[in-house]
Structures are given as structure tokens and as C-alpha cells.
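**Student:** Structure file start.pdb (PDB, C-alpha atoms) is given on the next line.
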```
ATOM      1  CA  MET N   1     -61.415 111.588 -35.265
ATOM      2  CA  LYS N   2     -64.504 110.113 -33.759
ATOM      3  CA  THR N   3     -64.744 109.446 -30.075
ATOM      4  CA  LYS N   4     -65.276 105.724 -30.724
ATOM      5  CA  ASP N   5     -62.138 105.510 -32.828
ATOM      6  CA  ARG N   6     -60.187 107.394 -30.204
ATOM      7  CA  LYS N   7     -61.268 104.947 -27.473
ATOM      8  CA  THR N   8     -60.307 102.044 -29.693
ATOM      9  CA  MET N   9     -56.806 103.457 -30.205
ATOM     10  CA  VAL N  10     -56.352 103.979 -26.514
ATOM     11  CA  LEU N  11     -57.483 100.423 -25.874
ATOM     12  CA  TYR N  12     -55.076  99.050 -28.485
ATOM     13  CA  THR N  13     -52.304 101.084 -26.981
ATOM     14  CA  ILE N  14     -53.004  99.792 -23.501
ATOM     15  CA  VAL N  15     -53.237  96.247 -24.794
ATOM     16  CA  SER N  16     -49.973  96.660 -26.662
ATOM     17  CA  LEU N  17     -48.237  97.971 -23.552
ATOM     18  CA  LEU N  18     -49.604  95.123 -21.472
ATOM     19  CA  VAL N  19     -48.526  92.599 -24.067
ATOM     20  CA  GLY N  20     -45.076  94.206 -24.241
ATOM     21  CA  PHE N  21     -44.793  94.212 -20.463
ATOM     22  CA  LEU N  22     -45.873  90.580 -20.261
ATOM     23  CA  ILE N  23     -43.380  89.589 -22.955
ATOM     24  CA  SER N  24     -40.610  91.530 -21.220
ATOM     25  CA  TYR N  25     -41.496  90.054 -17.825
ATOM     26  CA  SER N  26     -41.698  86.557 -19.273
ATOM     27  CA  TYR N  27     -38.249  86.930 -20.883
ATOM     28  CA  GLN N  28     -36.722  88.260 -17.681
ATOM     29  CA  LEU N  29     -38.265  85.435 -15.665
ATOM     30  CA  THR N  30     -37.040  82.864 -18.165
ATOM     31  CA  LYS N  31     -33.541  84.350 -18.009
ATOM     32  CA  GLU N  32     -33.475  84.240 -14.215
ATOM     33  CA  GLU N  33     -34.670  80.632 -14.206
ATOM     34  CA  SER N  34     -31.987  79.771 -16.720
ATOM     35  CA  VAL N  35     -29.330  81.371 -14.524
ATOM     36  CA  LYS N  36     -30.709  79.491 -11.504
ATOM     37  CA  GLU N  37     -30.511  76.228 -13.400
ATOM     38  CA  THR N  38     -26.995  76.951 -14.732
ATOM     39  CA  GLU N  39     -25.417  77.738 -11.352
ATOM     40  CA  PRO N  40     -26.155  74.313  -9.746
ATOM     41  CA  LYS N  41     -24.971  72.713 -12.944
ATOM     42  CA  LYS N  42     -21.671  74.564 -12.652
ATOM     43  CA  VAL N  43     -21.345  73.521  -9.008
ATOM     44  CA  TRP N  44     -22.081  69.895  -9.879
ATOM     45  CA  THR N  45     -19.561  70.011 -12.713
ATOM     46  CA  GLN N  46     -16.864  71.352 -10.346
ATOM     47  CA  GLU N  47     -17.646  68.708  -7.749
ATOM     48  CA  TYR N  48     -17.426  66.051 -10.436
ATOM     49  CA  LYS N  49     -13.996  67.314 -11.483
ATOM     50  CA  TYR N  50     -12.805  67.254  -7.870
ATOM     51  CA  GLN N  51     -14.190  63.746  -7.458
ATOM     52  CA  LYS N  52     -12.370  62.572 -10.584
ATOM     53  CA  LYS N  53      -9.107  64.102  -9.377
ATOM     54  CA  LEU N  54      -9.560  62.457  -5.989
ATOM     55  CA  GLU N  55     -10.161  59.087  -7.638
ATOM     56  CA  GLU N  56      -7.043  59.579  -9.775
ATOM     57  CA  LYS N  57      -4.958  60.387  -6.677
ATOM     58  CA  ILE N  58      -6.343  57.330  -4.909
ATOM     59  CA  GLU N  59      -5.293  55.160  -7.846
ATOM     60  CA  GLU N  60      -1.837  56.771  -7.879
ATOM     61  CA  ASN N  61      -1.509  56.130  -4.141
ATOM     62  CA  LYS N  62      -2.416  52.491  -4.684
ATOM     63  CA  VAL N  63       0.367  52.192  -7.286
ATOM     64  CA  PHE N  64       2.850  53.888  -4.948
ATOM     65  CA  GLU N  65       1.740  51.648  -2.093
ATOM     66  CA  MET N  66       2.312  48.552  -4.227
ATOM     67  CA  ARG N  67       5.783  49.806  -5.163
ATOM     68  CA  LEU N  68       6.523  50.593  -1.517
ATOM     69  CA  ASN N  69       5.485  47.078  -0.506
ATOM     70  CA  GLU N  70       7.735  45.626  -3.210
ATOM     71  CA  VAL N  71      10.684  47.745  -2.035
ATOM     72  CA  GLN N  72      10.051  46.824   1.621
ATOM     73  CA  GLU N  73       9.901  43.147   0.695
ATOM     74  CA  SER N  74      13.193  43.478  -1.184
ATOM     75  CA  ILE N  75      14.732  45.192   1.848
ATOM     76  CA  ARG N  76      13.469  42.414   4.143
ATOM     77  CA  LYS N  77      15.045  39.801   1.860
ATOM     78  CA  ILE N  78      18.334  41.702   1.804
ATOM     79  CA  GLU N  79      18.275  42.092   5.611
ATOM     80  CA  LYS N  80      17.545  38.392   6.013
ATOM     81  CA  GLN N  81      20.407  37.496   3.679
ATOM     82  CA  LEU N  82      22.731  39.885   5.505
ATOM     83  CA  ALA N  83      21.708  38.364   8.848
ATOM     84  CA  THR N  84      22.385  34.885   7.475
ATOM     85  CA  ASP N  85      25.740  35.992   6.083
ATOM     86  CA  GLU N  86      26.570  37.710   9.377
ATOM     87  CA  ASP N  87      25.705  34.589  11.382
ATOM     88  CA  HIS N  88      27.771  32.495   8.981
ATOM     89  CA  LEU N  89      30.666  34.952   9.263
ATOM     90  CA  LYS N  90      30.436  34.932  13.069
ATOM     91  CA  SER N  91      30.477  31.146  13.020
ATOM     92  CA  LEU N  92      33.544  31.130  10.762
ATOM     93  CA  ILE N  93      35.319  33.651  12.996
ATOM     94  CA  GLU N  94      34.490  31.607  16.101
ATOM     95  CA  THR N  95      35.777  28.446  14.407
ATOM     96  CA  LEU N  96      38.916  30.257  13.278
ATOM     97  CA  ASN N  97      39.508  31.570  16.805
ATOM     98  CA  ASP N  98      39.024  28.057  18.175
ATOM     99  CA  TYR N  99      41.714  26.733  15.834
ATOM    100  CA  ARG N 100      43.997  29.643  16.655
ATOM    101  CA  MET N 101      43.434  29.005  20.360
ATOM    102  CA  TYR N 102      44.242  25.302  20.029
ATOM    103  CA  LEU N 103      47.345  26.225  18.042
ATOM    104  CA  GLY N 104      48.329  28.688  20.751
ATOM    105  CA  GLU N 105      48.220  31.694  18.407
ATOM    106  CA  ILE N 106      45.989  33.850  20.649
ATOM    107  CA  PRO N 107      46.071  34.520  24.409
ATOM    108  CA  VAL N 108      43.420  32.820  26.511
ATOM    109  CA  LYS N 109      42.138  33.008  30.059
ATOM    110  CA  GLY N 110      39.534  31.241  32.179
ATOM    111  CA  ARG N 111      38.907  28.907  35.073
ATOM    112  CA  GLY N 112      40.810  25.673  35.390
ATOM    113  CA  ILE N 113      43.153  23.567  37.486
ATOM    114  CA  GLU N 114      46.799  23.428  38.442
ATOM    115  CA  LEU N 115      48.905  20.345  39.080
ATOM    116  CA  ILE N 116      52.413  20.387  40.508
ATOM    117  CA  LEU N 117      54.426  17.250  39.774
ATOM    118  CA  SER N 118      57.584  16.917  41.857
ATOM    119  CA  ASP N 119      60.316  14.315  42.136
ATOM    120  CA  ALA N 120      59.794  12.092  45.175
ATOM    121  CA  SER N 121      62.286  11.944  48.020
ATOM    122  CA  TYR N 122      65.039   9.469  47.159
ATOM    123  CA  SER N 123      66.616   6.958  49.467
ATOM    124  CA  PRO N 124      69.594   4.926  48.165
ATOM    125  CA  ALA N 125      68.194   1.889  49.951
ATOM    126  CA  ASP N 126      65.085   2.047  47.755
ATOM    127  CA  GLY N 127      66.971   1.462  44.507
ATOM    128  CA  THR N 128      67.772   3.599  41.486
ATOM    129  CA  VAL N 129      67.033   7.342  41.631
ATOM    130  CA  ASN N 130      65.427   7.192  38.221
ATOM    131  CA  ARG N 131      62.363   5.587  39.792
ATOM    132  CA  TYR N 132      61.687   8.767  41.812
ATOM    133  CA  LEU N 133      61.908  11.301  38.998
ATOM    134  CA  VAL N 134      59.133  12.773  36.891
ATOM    135  CA  HIS N 135      59.430  11.465  33.325
ATOM    136  CA  GLU N 136      57.860  12.442  30.022
ATOM    137  CA  GLN N 137      55.367   9.575  30.234
ATOM    138  CA  HIS N 138      54.002  11.048  33.444
ATOM    139  CA  ILE N 139      53.502  14.434  31.783
ATOM    140  CA  TYR N 140      51.909  12.813  28.749
ATOM    141  CA  LYS N 141      49.436  10.907  30.945
ATOM    142  CA  VAL N 142      48.309  14.149  32.562
ATOM    143  CA  LEU N 143      48.104  16.036  29.254
ATOM    144  CA  ASN N 144      46.111  13.303  27.505
ATOM    145  CA  GLU N 145      43.630  13.098  30.369
ATOM    146  CA  LEU N 146      43.221  16.886  30.437
ATOM    147  CA  TYR N 147      42.618  17.122  26.688
ATOM    148  CA  ILE N 148      40.116  14.247  26.817
ATOM    149  CA  SER N 149      38.296  16.022  29.671
ATOM    150  CA  GLY N 150      37.847  19.216  27.682
ATOM    151  CA  ALA N 151      40.875  21.378  28.451
ATOM    152  CA  ILE N 152      41.125  24.142  25.853
ATOM    153  CA  ALA N 153      44.649  25.325  26.709
ATOM    154  CA  ILE N 154      47.538  23.807  28.712
ATOM    155  CA  SER N 155      50.918  25.085  29.834
ATOM    156  CA  VAL N 156      53.877  23.490  31.600
ATOM    157  CA  ASN N 157      56.029  25.820  33.682
ATOM    158  CA  GLN N 158      54.231  28.695  31.890
ATOM    159  CA  GLN N 159      55.211  27.413  28.434
ATOM    160  CA  ARG N 160      52.084  27.166  26.305
ATOM    161  CA  LEU N 161      51.633  23.775  24.645
ATOM    162  CA  THR N 162      49.994  22.739  21.390
ATOM    163  CA  LYS N 163      48.489  19.412  20.392
ATOM    164  CA  THR N 164      51.775  18.609  18.643
ATOM    165  CA  SER N 165      54.122  19.608  21.476
ATOM    166  CA  TYR N 166      57.042  17.196  21.967
ATOM    167  CA  ILE N 167      58.287  16.275  25.450
ATOM    168  CA  LYS N 168      61.484  14.363  26.177
ATOM    169  CA  CYS N 169      63.543  13.521  29.249
ATOM    170  CA  ILE N 170      67.121  14.821  29.278
ATOM    171  CA  GLY N 171      68.593  13.603  32.537
ATOM    172  CA  PRO N 172      66.911  15.409  35.463
ATOM    173  CA  VAL N 173      65.135  17.940  33.199
ATOM    174  CA  LEU N 174      62.389  17.788  30.597
ATOM    175  CA  SER N 175      62.700  19.259  27.127
ATOM    176  CA  ILE N 176      59.406  20.680  25.845
ATOM    177  CA  ASP N 177      59.514  21.696  22.192
ATOM    178  CA  GLY N 178      63.257  22.207  22.570
ATOM    179  CA  TYR N 179      63.143  24.218  25.798
ATOM    180  CA  GLU N 180      64.401  22.655  29.028
ATOM    181  CA  HIS N 181      62.499  22.710  32.310
ATOM    182  CA  PRO N 182      63.620  21.417  35.718
ATOM    183  CA  ALA N 183      61.265  19.922  38.292
ATOM    184  CA  PRO N 184      58.838  20.705  39.789
ATOM    185  CA  PHE N 185      56.555  20.812  36.771
ATOM    186  CA  VAL N 186      53.607  23.164  37.128
ATOM    187  CA  ILE N 187      50.842  22.118  34.742
ATOM    188  CA  GLN N 188      47.950  24.541  34.256
ATOM    189  CA  ALA N 189      44.859  23.725  32.219
ATOM    190  CA  ILE N 190      41.949  25.994  31.286
ATOM    191  CA  GLY N 191      38.568  24.287  31.234
ATOM    192  CA  ASN N 192      35.750  23.264  33.530
ATOM    193  CA  PRO N 193      37.640  22.842  36.832
ATOM    194  CA  ASN N 194      35.165  20.366  38.287
ATOM    195  CA  THR N 195      35.253  18.123  35.225
ATOM    196  CA  LEU N 196      39.046  18.256  34.956
ATOM    197  CA  GLU N 197      39.507  17.520  38.653
ATOM    198  CA  LYS N 198      37.085  14.588  38.672
ATOM    199  CA  SER N 199      38.719  12.991  35.635
ATOM    200  CA  LEU N 200      42.147  13.136  37.283
ATOM    201  CA  LEU N 201      40.908  11.851  40.652
ATOM    202  CA  LEU N 202      39.110   8.772  39.310
ATOM    203  CA  SER N 203      39.939   5.650  41.250
ATOM    204  CA  GLY N 204      42.877   4.009  39.492
ATOM    205  CA  GLY N 205      43.171   7.059  37.284
ATOM    206  CA  VAL N 206      46.052   9.329  36.395
ATOM    207  CA  ILE N 207      46.851  10.691  39.839
ATOM    208  CA  ASP N 208      46.728   7.240  41.435
ATOM    209  CA  GLN N 209      49.126   6.006  38.725
ATOM    210  CA  LEU N 210      51.486   8.943  39.297
ATOM    211  CA  ARG N 211      51.594   8.350  43.024
ATOM    212  CA  TYR N 212      52.196   4.673  42.424
ATOM    213  CA  ASP N 213      55.233   5.735  40.349
ATOM    214  CA  HIS N 214      56.520   7.802  43.336
ATOM    215  CA  VAL N 215      55.553  11.154  41.814
ATOM    216  CA  ASP N 216      54.507  13.796  44.326
ATOM    217  CA  VAL N 217      51.228  15.376  43.065
ATOM    218  CA  GLN N 218      49.442  18.533  44.230
ATOM    219  CA  LEU N 219      46.135  19.498  42.671
ATOM    220  CA  LYS N 220      43.962  22.593  43.069
ATOM    221  CA  LYS N 221      41.267  24.500  41.200
ATOM    222  CA  LEU N 222      41.857  28.076  40.063
ATOM    223  CA  ASP N 223      39.273  30.779  39.367
ATOM    224  CA  GLU N 224      41.411  32.382  36.674
ATOM    225  CA  ILE N 225      44.347  31.251  34.583
ATOM    226  CA  LYS N 226      45.973  33.447  31.952
ATOM    227  CA  MET N 227      48.096  32.096  29.124
ATOM    228  CA  ASP N 228      50.003  34.023  26.471
ATOM    229  CA  THR N 229      50.528  32.763  22.944
ATOM    230  CA  VAL N 230      53.010  29.983  22.268
ATOM    231  CA  ILE N 231      55.487  32.490  20.813
ATOM    232  CA  GLN N 232      55.173  34.818  23.802
ATOM    233  CA  THR N 233      55.822  32.004  26.283
ATOM    234  CA  ILE N 234      59.061  30.943  24.567
ATOM    235  CA  GLU N 235      60.426  34.384  23.622
ATOM    236  CA  PRO N 236      61.886  35.027  27.090
ATOM    237  CA  LYS N 237      63.742  31.708  26.887
ATOM    238  CA  GLU N 238      65.096  32.578  23.440
ATOM    239  CA  SER N 239      66.294  35.976  24.631
ATOM    240  CA  LYS N 240      68.232  34.376  27.487
ATOM    241  CA  LYS N 241      70.185  32.165  25.100
TER     242      LYS N 241
END
```
Write out the structure in this file as C-alpha cells.
**Tutor:**
Amino acid sequence: MKTKDRKTMVLYTIVSLLVGFLISYSYQLTKEESVKETEPKKVWTQEYKYQKKLEEKIEENKVFEMRLNEVQESIRKIEKQLATDEDHLKSLIETLNDYRMYLGEIPVKGRGIELILSDASYSPADGTVNRYLVHEQHIYKVLNELYISGAIAISVNQQRLTKTSYIKCIGPVLSIDGYEHPAPFVIQAIGNPNTLEKSLLLSGGVIDQLRYDHVDVQLKKLDEIKMDTVIQTIEPKESKK
């Protein structure tokens, strides 16, 4: 082989190697660039997925929050209704207790007044003895005035009265709902003591009328008066019979 041909072959070989190296380097560079471009894409894709999940959870939370608000509103309505029912029930119970108190079915205590009505001293020269005794009309005057003035409970000689109690004279004693009581008659009334006292002491009022009828009257205010039920106040009398 000629020297010229040999040089040409060597040159071709070198060129071929260079071309092969360049192709190989170019491929490797392209591959690396592709990997570099793919990795951020993967990261972006993952972030996008996380963002979508977060948005979905936010929407779910909004739905749950709406449901929670609806439930809380329902609870508030129920609580309001219960409070209204409870207030209504309390009012009914208070009204019922008031009726039971006026009927003498429950014990009661409180401030009030006490009156003691006694027969006046009798002198034969002054006329008939009947004029100096306490009669049912005297008791009724006191009771009516006390009820009008706001008394919530009244007793005579510790016997609890009701609004329908019946009082009648039987000689020197008074019969109250069938139970006899001798003088003096101790009347106790639970209520505002100042109001009750003022109503009885009015000029020309009940006490003035009683004294005009020769009834001895003593009046005082009490800080506490206790009264049993109507049944309890008459049971001892029944047991004695």
C-alpha cells in the first residue's frame, strides 16, 4: 500500500472515531438533559396532586362545616323550645302551688301579723252579756280585711282556714268548719305585715269597729309564722274525739 493511501486511511479512521465520539457525547448529553427536564416535571406533577387533594379536603371541610352549623342551629332551636317548655312548666307548678296553698293543701311559712280577739269584761249593769262576746261576724270582718290586704294564709286558734271555711257561733264558742274553739281567738295571717297592719288600723276600720262592739283586740307583727296543712291542723282535734 502506498504511503498516501495509508495516510488517508489513518485520517478516515481518526475522523470516524471523532465522529463516533461526538455522536456518543451528543447522545449522552441529550439523555442527561432529558433526565434534568423530567425530574422537575415529576416534582411539579406531585405538587399538583397534593394541591388537588388539599383542595378536595377543603371542600369536604366546607360541607362538614355546613352540616355542623345546621346541627348546631337545630340544637339551639331544641334548647330554646326546652327553655320555653321549662319556663311554662315552672309557671304551671307555681300556679298549682298557689292554688294548693290557698286550699290549705301544703304547709306555708312567712312574715305576718297576729290578732287576739277576746271577750270584753261584762258588767250586769251594762246589759246583756251577748254584747260583750266575740261573734262570727267579728271574725268574718277580720278575715275579709286580711284577704283583701293580701294575706296568703290564715289560721284561727292554729286551725288553718280556706276561702270556703264556715264559722258559726254556738253559745260562748265558735265552730269553725265543724270544730269548736273557745275565746280568746288567736288569728294569724301570713303576708306583708306592714300592709296587713295598716289596713286593720285604718280610721273607722275593722279594729275600730271591733272595739266599738266591746271586743278586746291585741295586734302585733311577727317575723315568722308557720302553718300546717288544713288536714294537719284538724287531725289532733279528730283524734281527741
**Student:** Can you pull out the residues contacting N:Asp216? Cut-off 9 Å, using only C-alpha atoms, and skip same-chain residues under 5 positions away; I want them as a PDB file with C-alpha atoms, in the coordinates of the input.
**Tutor:**
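selection-v4.pdb was written with the following content:
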```pdb
ATOM      1  CA  ILE N 116      52.413  20.387  40.508  1.00  0.00           C
ATOM      2  CA  LEU N 117      54.426  17.250  39.774  1.00  0.00           C
ATOM      3  CA  SER N 118      57.584  16.917  41.857  1.00  0.00           C
ATOM      4  CA  ASP N 119      60.316  14.315  42.136  1.00  0.00           C
ATOM      5  CA  ALA N 120      59.794  12.092  45.175  1.00  0.00           C
ATOM      6  CA  SER N 121      62.286  11.944  48.020  1.00  0.00           C
ATOM      7  CA  VAL N 134      59.133  12.773  36.891  1.00  0.00           C
ATOM      8  CA  LEU N 210      51.486   8.943  39.297  1.00  0.00           C
ATOM      9  CA  ARG N 211      51.594   8.350  43.024  1.00  0.00           C
TER      10      ARG N 211
END
```
**Student:** Show me, as a PDB file with C-alpha atoms, in the coordinates of the input, the residues that have an atom within 9 Å of N:His138 when counting only C-alpha atoms, minus same-chain residues fewer than 2 positions from it.
**Tutor:**
```pdb
ATOM      1  CA  LEU N 117      54.426  17.250  39.774  1.00  0.00           C
ATOM      2  CA  VAL N 134      59.133  12.773  36.891  1.00  0.00           C
ATOM      3  CA  HIS N 135      59.430  11.465  33.325  1.00  0.00           C
ATOM      4  CA  GLU N 136      57.860  12.442  30.022  1.00  0.00           C
ATOM      5  CA  TYR N 140      51.909  12.813  28.749  1.00  0.00           C
ATOM      6  CA  LYS N 141      49.436  10.907  30.945  1.00  0.00           C
ATOM      7  CA  VAL N 142      48.309  14.149  32.562  1.00  0.00           C
ATOM      8  CA  LEU N 143      48.104  16.036  29.254  1.00  0.00           C
ATOM      9  CA  VAL N 206      46.052   9.329  36.395  1.00  0.00           C
ATOM     10  CA  GLN N 209      49.126   6.006  38.725  1.00  0.00           C
ATOM     11  CA  LEU N 210      51.486   8.943  39.297  1.00  0.00           C
ATOM     12  CA  ASP N 213      55.233   5.735  40.349  1.00  0.00           C
ATOM     13  CA  VAL N 215      55.553  11.154  41.814  1.00  0.00           C
TER      14      VAL N 215
END
```
**Student:** Since I can't run it myself right now, could you work out what the PyMOL selection byres ((chain N and resi 104) around 9) selects here and report it as a PyMOL selection string?
**Tutor:** chain N and resi 99-103+105-108+153+160-162+228-231
**Student:** Mind working out the centre and edge lengths of an axis-aligned box for stretch 199-208 of chain N, all listed atoms inside, 4 Å added to each side, rounded to one decimal in Å and written as lines of an AutoDock Vina configuration file?
**Tutor:**
```
center_x = 42.8
center_y = 8.6
center_z = 38.5
size_x = 16.1
size_y = 17.1
size_z = 13.8
```
**Student:** In terms of the shortest atom-to-atom distance over all atoms listed in the file, which of N:Tyr132, N:Lys57, N:Leu146, N:Ile176 is closest to N:Ile207?
**Tutor:** N:Leu146
**Student:** Rounded to one decimal, what separation in Å do you get between atom CA of N:Leu133 and atom CA of N:His181?
**Tutor:**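 Interatomic distance, atom CA of N:Leu133 to atom CA of N:His181: 13.2 Å.
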**Student:** Since I can't run it myself right now, could you work out what the PyMOL selection byres ((chain N and resi 166) around 6) selects here and report it as a ChimeraX atom specification?
**Tutor:** /N:165,167,176-177
**Student:** Measuring between all atoms listed in the file, which one of N:Glu114, N:Glu47, N:Glu59, N:Glu145 shows the shortest distance to N:Ile190?
**Tutor:**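 Residue with the minimum atom-to-atom distance to N:Ile190: N:Glu114.
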**Student:** Tell me, in Å to one decimal, how far atom CA of N:Lys221 is from atom CA of N:Gly191.
**Tutor:**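 We find that atom CA of N:Lys221 and atom CA of N:Gly191 lie 10.3 Å from each other.
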**Student:** Distance atom CA of N:Ile225-atom CA of N:Tyr179, one decimal place?
**Tutor:**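 Separation of atom CA of N:Ile225 and atom CA of N:Tyr179: 21.9 Å.
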**Student:** Got a sec: who's within 12 Å of N:Lys198, counting all atoms listed in the file, leaving out chain neighbours fewer than 2 positions off, as a list in words?
**Tutor:**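 Those residues are Ile113, Glu145, Leu146, Ser149, Gly150, Asn192, Pro193, Asn194, Thr195, Leu196, Leu200, Leu201, Leu202, Ser203, Gly205, Val206, Ile207, Leu219, Lys220 and Lys221 of chain N.
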**Student:** Nearest to N:Arg131: which of N:His214, N:Gln158, N:Val63, N:Ile78 is it, counting only C-alpha atoms?
**Tutor:**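 That would be N:His214, the residue with the smallest distance to N:Arg131.
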**Student:** Fewer than 3 positions away in the same chain doesn't count, so skip those; otherwise give me all residues within 7 Å of N:Gln159, counting all atoms listed in the file, as number ranges by chain.
**Tutor:** N: 155-156, 233-234
**Student:** Using all atoms listed in the file for the distances, tell me which of N:Ile152, N:Gln46, N:Glu55, N:Gln232 is nearest to N:Lys109.
**Tutor:**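 Smallest distance to N:Lys109 is found for N:Ile152.
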